[in-house]
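Structure first, commentary second.
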Amino acid sequence: MNTPAPATAATTDPEGPPNPRLRKELGFWSLTAIGFSGIMGSGWLFGAQYAAQAAGPASVLSWLVGGAAFTLIALVLIELGATRPVAGGIVRWPFLSHGPLTAAVVGWSVLLATSSATAAEASAITQYASHYLPWLYEDGALTAPGLVLSAALLALVMVLNWFGVRLFARVNFALTAIKFGVPVLTLAALLASGFSQGGDPVAAGGGFAPYGWSAALSAVATAGIIYTINGFAPTIDLAAEAKDPRRDIPRAVLSAIALAVLLYLGLQVAFLYAVPESTVAAGGWHGIDFSSPFGELALLLNLGWLAALLYADAVVSPGGALLVGIAGNSRVTYAMARNGMLPRRVTEVHAGSGVPRAALLVNFTLALVLLVPFDGWQDIIGVAGNLFLLNYSVAAVSAAAFRRARPDAVSGWVPGMRWITPLSFVVSAEIIYWSEWEKLSVVLPLAVLAVPLFALVRGSGANYLAQLRQSAWLVTYLVVLFGISATGGFGGTGLIPAPLDTALVAGVALLIYFWGARSGVRHLENSAADTDEAETTD
């Protein structure tokens, strides 16, 4: 295998001159802390309850499926990030492999997903704070004062990002230590109290899989598991600011995922055995409904000290993820501007801080807007999780196109990419499908909306039609998923029964994957600019 050019070399961007002011100040430990902090955000405060509601004790399998799926996805992103360590790579890679319209669909979806995720973290803090200030969250939704508090939290975290990546990394590293210690203590205390109270909540709730095995699959998408484990993504979004991305990013991402998934599995088991048997027997797992799950459970078990600690950590954990999320999101928005989908001014990096402040403001504004239409954490994460998976599907196709068209420009850090990329694409498609029709009927049309938006921003005509042909595989993917979801057994009409519907999704996804890879190879071969020379460390 030929040795690729150093990934850190500064080169020329086809959309404009290189911007050298993003500073390389993140090492392995900072990158690992960023990934772990992103995963251990609001998800650990709510995920165990919503997974138990959806699947009962089979929710343990949901975390295993989610962890395995995201390890596959992460391997693809690691390969791309180690080879092309650019700010907002999830948006830049499709631009290079398939052209501006494909990148526009991805960029639009990423912008919605990341801004939704940011809004979710702010709403999680407010939701837990309602234990002390009940007027912040009433009848399952944020009140007007709750929205104001969430907006103020977003503003505070934006300010911390405003003054540079070094300050951001130091604050996040301190928060990460707390975010590891409190969940471990919670896990141990709840397990001890749950087993000491006697009874068997699992038997009282109808056994290991009271709602069937399909519920465990749906929970991966609907209970926040996708959203939660996806927190590793800012590590890759910040690749352009890593000191040695090819060495540190792979180790940091895999370490963060492994550590966090093990912790989530422990927390899920602790939750299942800590819920009083009488509570489960009265309404089943569907009937478990705490506005602040671990905090209220601690109070039920007479663990007042733990409840006080949890309500304090309900600011730290989502706050840390919010800090990481806003940093990563601004780099994605910066990348969208480099792709020509936002004004060029958004690519400007502040000379003193090394931060793309205009991009930071765009994300802050959109997160504020997305706070309003959703009732709270669970409402938001259902949309965000599926949008993230759509984007990762495209990343797998981009990796396949790069590997086939320019194998000498791929790092080769991850062996077996020939098999990992199609498997990653199919697994992503399945989890999206399992999230059920109610959510996909909103998510998929939102993603397709980028196609007419692209025409408005870049203009229609012959070039637009050429781009539409180039991206036909992606549009087809979205439309076919929409159709199968509407007629399948996961919330649809049931016209395509299970497991035939799941098998159909796998088969169609595999065909579209190969179509998309061939489309990318043609684009790379016909491109006037050399991809390697087109990249930049931003």
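Residue names in the structure tokens use chain letters A, B, ... in the order shown, residue numbers from 1 in each chain, and ligand numbers from 1 in the order shown.
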Counting only C-alpha atoms, what is within 9 Å of A:Ala209, bar same-chain residues fewer than 6 positions away, as a list in words?
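Neighbouring residues, sequence-local ones excluded: Ala55, Gly56, Pro57, Ala58, Ser59, Ala215 and Ala216 of chain A.
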Do you know which residues are at most 9 Å from stretch 44-51 of chain A counting only C-alpha atoms, after dropping those on the same chain fewer than 4 positions away, and could you put them as a compact mmCIF listing (two decimals) with N, CA, C and O atoms, in the first residue's frame?
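Written out: part-v6.txt:
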# COMPACT_ATOMS: atom_id res chain seq x y z
N ILE A 39 -20.76 11.71 25.26
CA ILE A 39 -21.63 10.54 25.43
C ILE A 39 -22.32 10.58 26.79
O ILE A 39 -23.50 10.26 26.90
N MET A 40 -21.59 10.94 27.82
CA MET A 40 -22.17 10.97 29.17
C MET A 40 -22.80 12.33 29.45
O MET A 40 -22.47 13.02 30.42
N ALA A 55 -38.72 -1.35 26.37
CA ALA A 55 -38.41 -2.77 26.18
C ALA A 55 -38.34 -3.59 27.46
O ALA A 55 -38.09 -4.80 27.39
N GLY A 56 -38.55 -2.96 28.63
CA GLY A 56 -38.39 -3.71 29.86
C GLY A 56 -36.95 -4.13 30.06
O GLY A 56 -36.02 -3.48 29.58
N PRO A 57 -36.70 -5.24 30.74
CA PRO A 57 -35.32 -5.69 30.96
C PRO A 57 -34.54 -5.99 29.68
O PRO A 57 -33.31 -5.97 29.68
N ALA A 58 -35.24 -6.23 28.56
CA ALA A 58 -34.55 -6.45 27.28
C ALA A 58 -33.82 -5.20 26.82
O ALA A 58 -33.07 -5.25 25.84
N SER A 59 -34.01 -4.09 27.51
CA SER A 59 -33.30 -2.86 27.19
C SER A 59 -31.79 -3.03 27.33
O SER A 59 -31.01 -2.28 26.72
N VAL A 60 -31.35 -4.02 28.11
CA VAL A 60 -29.91 -4.32 28.20
C VAL A 60 -29.38 -4.67 26.81
O VAL A 60 -28.28 -4.25 26.41
N SER A 62 -30.62 -3.61 24.06
CA SER A 62 -30.66 -2.38 23.26
C SER A 62 -29.34 -1.64 23.35
O SER A 62 -28.82 -1.13 22.34
N TRP A 63 -28.76 -1.58 24.55
CA TRP A 63 -27.47 -0.90 24.71
C TRP A 63 -26.35 -1.67 24.02
O TRP A 63 -25.44 -1.06 23.43
N ALA A 124 -32.60 19.25 29.25
CA ALA A 124 -32.39 18.23 30.28
C ALA A 124 -32.05 18.87 31.62
O ALA A 124 -32.54 18.45 32.67
N TYR A 128 -34.48 18.55 35.06
CA TYR A 128 -34.06 18.10 36.39
C TYR A 128 -34.21 19.22 37.42
O TYR A 128 -34.54 18.97 38.58
N PRO A 183 -21.90 8.90 37.96
CA PRO A 183 -22.61 7.71 37.48
C PRO A 183 -22.12 6.41 38.12
O PRO A 183 -22.92 5.51 38.41
N ALA A 216 -36.96 -4.23 21.85
CA ALA A 216 -35.56 -3.97 22.17
C ALA A 216 -34.85 -3.31 21.01
O ALA A 216 -33.96 -2.46 21.21
N ALA A 219 -36.12 0.36 20.76
CA ALA A 219 -35.58 1.19 21.84
C ALA A 219 -34.23 1.79 21.49
O ALA A 219 -33.86 2.86 22.00
N VAL A 220 -33.47 1.12 20.62
CA VAL A 220 -32.17 1.66 20.21
C VAL A 220 -32.34 3.06 19.62
O VAL A 220 -31.54 3.96 19.87
N THR A 222 -35.54 4.90 19.74
CA THR A 222 -36.55 5.76 20.37
C THR A 222 -36.25 6.14 21.81
O THR A 222 -36.83 7.09 22.32
N ALA A 223 -35.37 5.39 22.48
CA ALA A 223 -35.12 5.65 23.90
C ALA A 223 -33.92 6.55 24.16
O ALA A 223 -33.53 6.74 25.30
N GLY A 224 -33.33 7.06 23.10
CA GLY A 224 -32.20 7.97 23.28
C GLY A 224 -30.85 7.30 23.19
O GLY A 224 -29.82 7.95 23.41
N ILE A 225 -30.80 5.99 22.87
CA ILE A 225 -29.52 5.29 22.82
C ILE A 225 -28.67 5.78 21.65
O ILE A 225 -27.47 6.02 21.80
N THR A 228 -27.49 9.23 22.54
CA THR A 228 -26.52 9.23 23.62
C THR A 228 -25.13 8.81 23.15
O THR A 228 -24.14 9.53 23.35
N TYR A 264 -23.06 2.62 30.80
CA TYR A 264 -24.50 2.64 30.54
C TYR A 264 -25.16 1.29 30.80
O TYR A 264 -26.28 1.21 31.29
N LEU A 265 -24.46 0.20 30.47
CA LEU A 265 -25.00 -1.12 30.75
C LEU A 265 -25.20 -1.32 32.26
O LEU A 265 -26.23 -1.83 32.71
N LEU A 267 -25.61 1.05 34.50
CA LEU A 267 -26.70 1.92 34.94
C LEU A 267 -28.07 1.34 34.58
O LEU A 267 -29.03 1.47 35.35
N GLN A 268 -28.17 0.70 33.40
CA GLN A 268 -29.45 0.10 33.01
C GLN A 268 -29.83 -1.03 33.96
O GLN A 268 -30.98 -1.12 34.42
N VAL A 269 -28.87 -1.90 34.29
CA VAL A 269 -29.13 -2.99 35.22
C VAL A 269 -29.50 -2.44 36.60
O VAL A 269 -30.45 -2.92 37.25
N ALA A 270 -28.78 -1.41 37.04
CA ALA A 270 -29.08 -0.80 38.34
C ALA A 270 -30.49 -0.23 38.37
O ALA A 270 -31.23 -0.40 39.35
N PHE A 271 -30.89 0.43 37.29
CA PHE A 271 -32.24 1.00 37.23
C PHE A 271 -33.29 -0.10 37.29
O PHE A 271 -34.28 0.00 38.03
N LEU A 272 -33.10 -1.17 36.53
CA LEU A 272 -34.08 -2.26 36.47
C LEU A 272 -34.31 -2.90 37.84
O LEU A 272 -35.45 -3.24 38.18
N TRP A 285 -43.59 -1.91 32.91
CA TRP A 285 -42.48 -1.00 32.62
C TRP A 285 -42.96 0.23 31.86
O TRP A 285 -42.37 1.31 31.99
N HIS A 286 -44.03 0.08 31.09
CA HIS A 286 -44.58 1.26 30.40
C HIS A 286 -45.04 2.32 31.40
O HIS A 286 -45.09 3.50 31.07
N ILE A 288 -43.62 3.25 34.21
CA ILE A 288 -42.56 3.96 34.94
C ILE A 288 -42.38 5.32 34.29
O ILE A 288 -42.00 5.42 33.13
N ASP A 289 -42.61 6.36 35.03
CA ASP A 289 -42.56 7.71 34.44
C ASP A 289 -42.11 8.74 35.47
O ASP A 289 -42.93 9.37 36.13
N PHE A 290 -40.80 8.91 35.59
CA PHE A 290 -40.23 9.92 36.48
C PHE A 290 -39.76 11.10 35.64
O PHE A 290 -39.14 10.91 34.60
N SER A 291 -40.04 12.31 36.09
CA SER A 291 -39.54 13.49 35.35
C SER A 291 -38.03 13.63 35.51
O SER A 291 -37.35 14.16 34.63
N SER A 292 -37.49 13.15 36.65
CA SER A 292 -36.03 13.11 36.85
C SER A 292 -35.70 11.72 37.39
O SER A 292 -35.64 11.53 38.60
N PRO A 293 -35.54 10.73 36.48
CA PRO A 293 -35.56 9.31 36.85
C PRO A 293 -34.66 8.89 38.00
O PRO A 293 -35.14 8.38 39.02
N PHE A 294 -33.36 9.09 37.89
CA PHE A 294 -32.46 8.60 38.93
C PHE A 294 -32.63 9.39 40.23
O PHE A 294 -32.52 8.84 41.32
N GLY A 295 -32.91 10.67 40.12
CA GLY A 295 -33.11 11.48 41.32
C GLY A 295 -34.32 11.03 42.11
O GLY A 295 -34.27 10.85 43.34
N LEU A 310 -27.27 13.83 42.60
CA LEU A 310 -27.77 13.66 41.23
C LEU A 310 -28.37 14.94 40.69
O LEU A 310 -28.17 15.29 39.51
N ALA A 314 -27.03 16.91 37.50
CA ALA A 314 -27.92 17.15 36.36
C ALA A 314 -27.60 18.47 35.66
O ALA A 314 -28.07 18.71 34.55
N SER A 317 -23.48 17.16 34.02
CA SER A 317 -23.42 16.20 32.91
C SER A 317 -23.97 16.78 31.60
O SER A 317 -23.26 16.81 30.59
N PRO A 318 -25.21 17.27 31.58
CA PRO A 318 -25.66 17.89 30.33
C PRO A 318 -24.87 19.15 30.00
O PRO A 318 -24.67 19.47 28.83
N TRP A 377 -36.85 16.67 26.59
CA TRP A 377 -35.69 15.88 26.17
C TRP A 377 -36.07 14.76 25.21
O TRP A 377 -35.51 14.63 24.13
N GLN A 378 -37.04 13.91 25.59
CA GLN A 378 -37.34 12.74 24.77
C GLN A 378 -37.90 13.12 23.41
O GLN A 378 -37.64 12.46 22.41
From the options A:Leu133, A:Leu389, A:Ala335, A:Leu190, which residue's atoms come nearest to A:Asn302, counting only C-alpha atoms?
A:Leu190
Can you tell me which residues surround A:Ala144 at a distance of at most 12 Å, considering only C-alpha atoms, apart from same-chain residues fewer than 3 positions away, and format the answer as a count of residues only?
16
Which of these residues is nearest to A:Gly304, using only C-alpha atoms: A:Ala189, A:Ile236, A:Val457, A:Leu75?
A:Ala189
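Remark: for A:Asn230, the closest of the candidate residues A:Ala74, A:Ala52, A:Ala367, A:Ala103 is A:Ala74 (distances computed over only C-alpha atoms).
The coordinates place atom CA of A:Ser519 at 14.1 Å from atom CA of A:Arg406.
For the choices A:Gly340, A:Pro276, A:Gly284, A:Pro250, the atom-to-atom distance to A:Val91 is smallest for A:Gly340 when using only C-alpha atoms.
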Please measure the separation of atom CA of A:Trp434 and atom CA of A:Val65, giving the value in Å to one decimal.
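Calculated distance between atom CA of A:Trp434 and atom CA of A:Val65 is 12.2 Å.
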Name all residues at most 9 Å from A:Arg458 (count only C-alpha atoms; drop same-chain ones fewer than 5 positions away) and give them as a list in words.
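With the cut-off at 9 Å, the set is Gly340, Met341, Leu453 and Tyr464 of chain A.
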Have a look at A:Glu79, A:Ala221, A:Leu154, A:Leu474 and name the one nearest to A:Arg418; count only C-alpha atoms.
A:Glu79
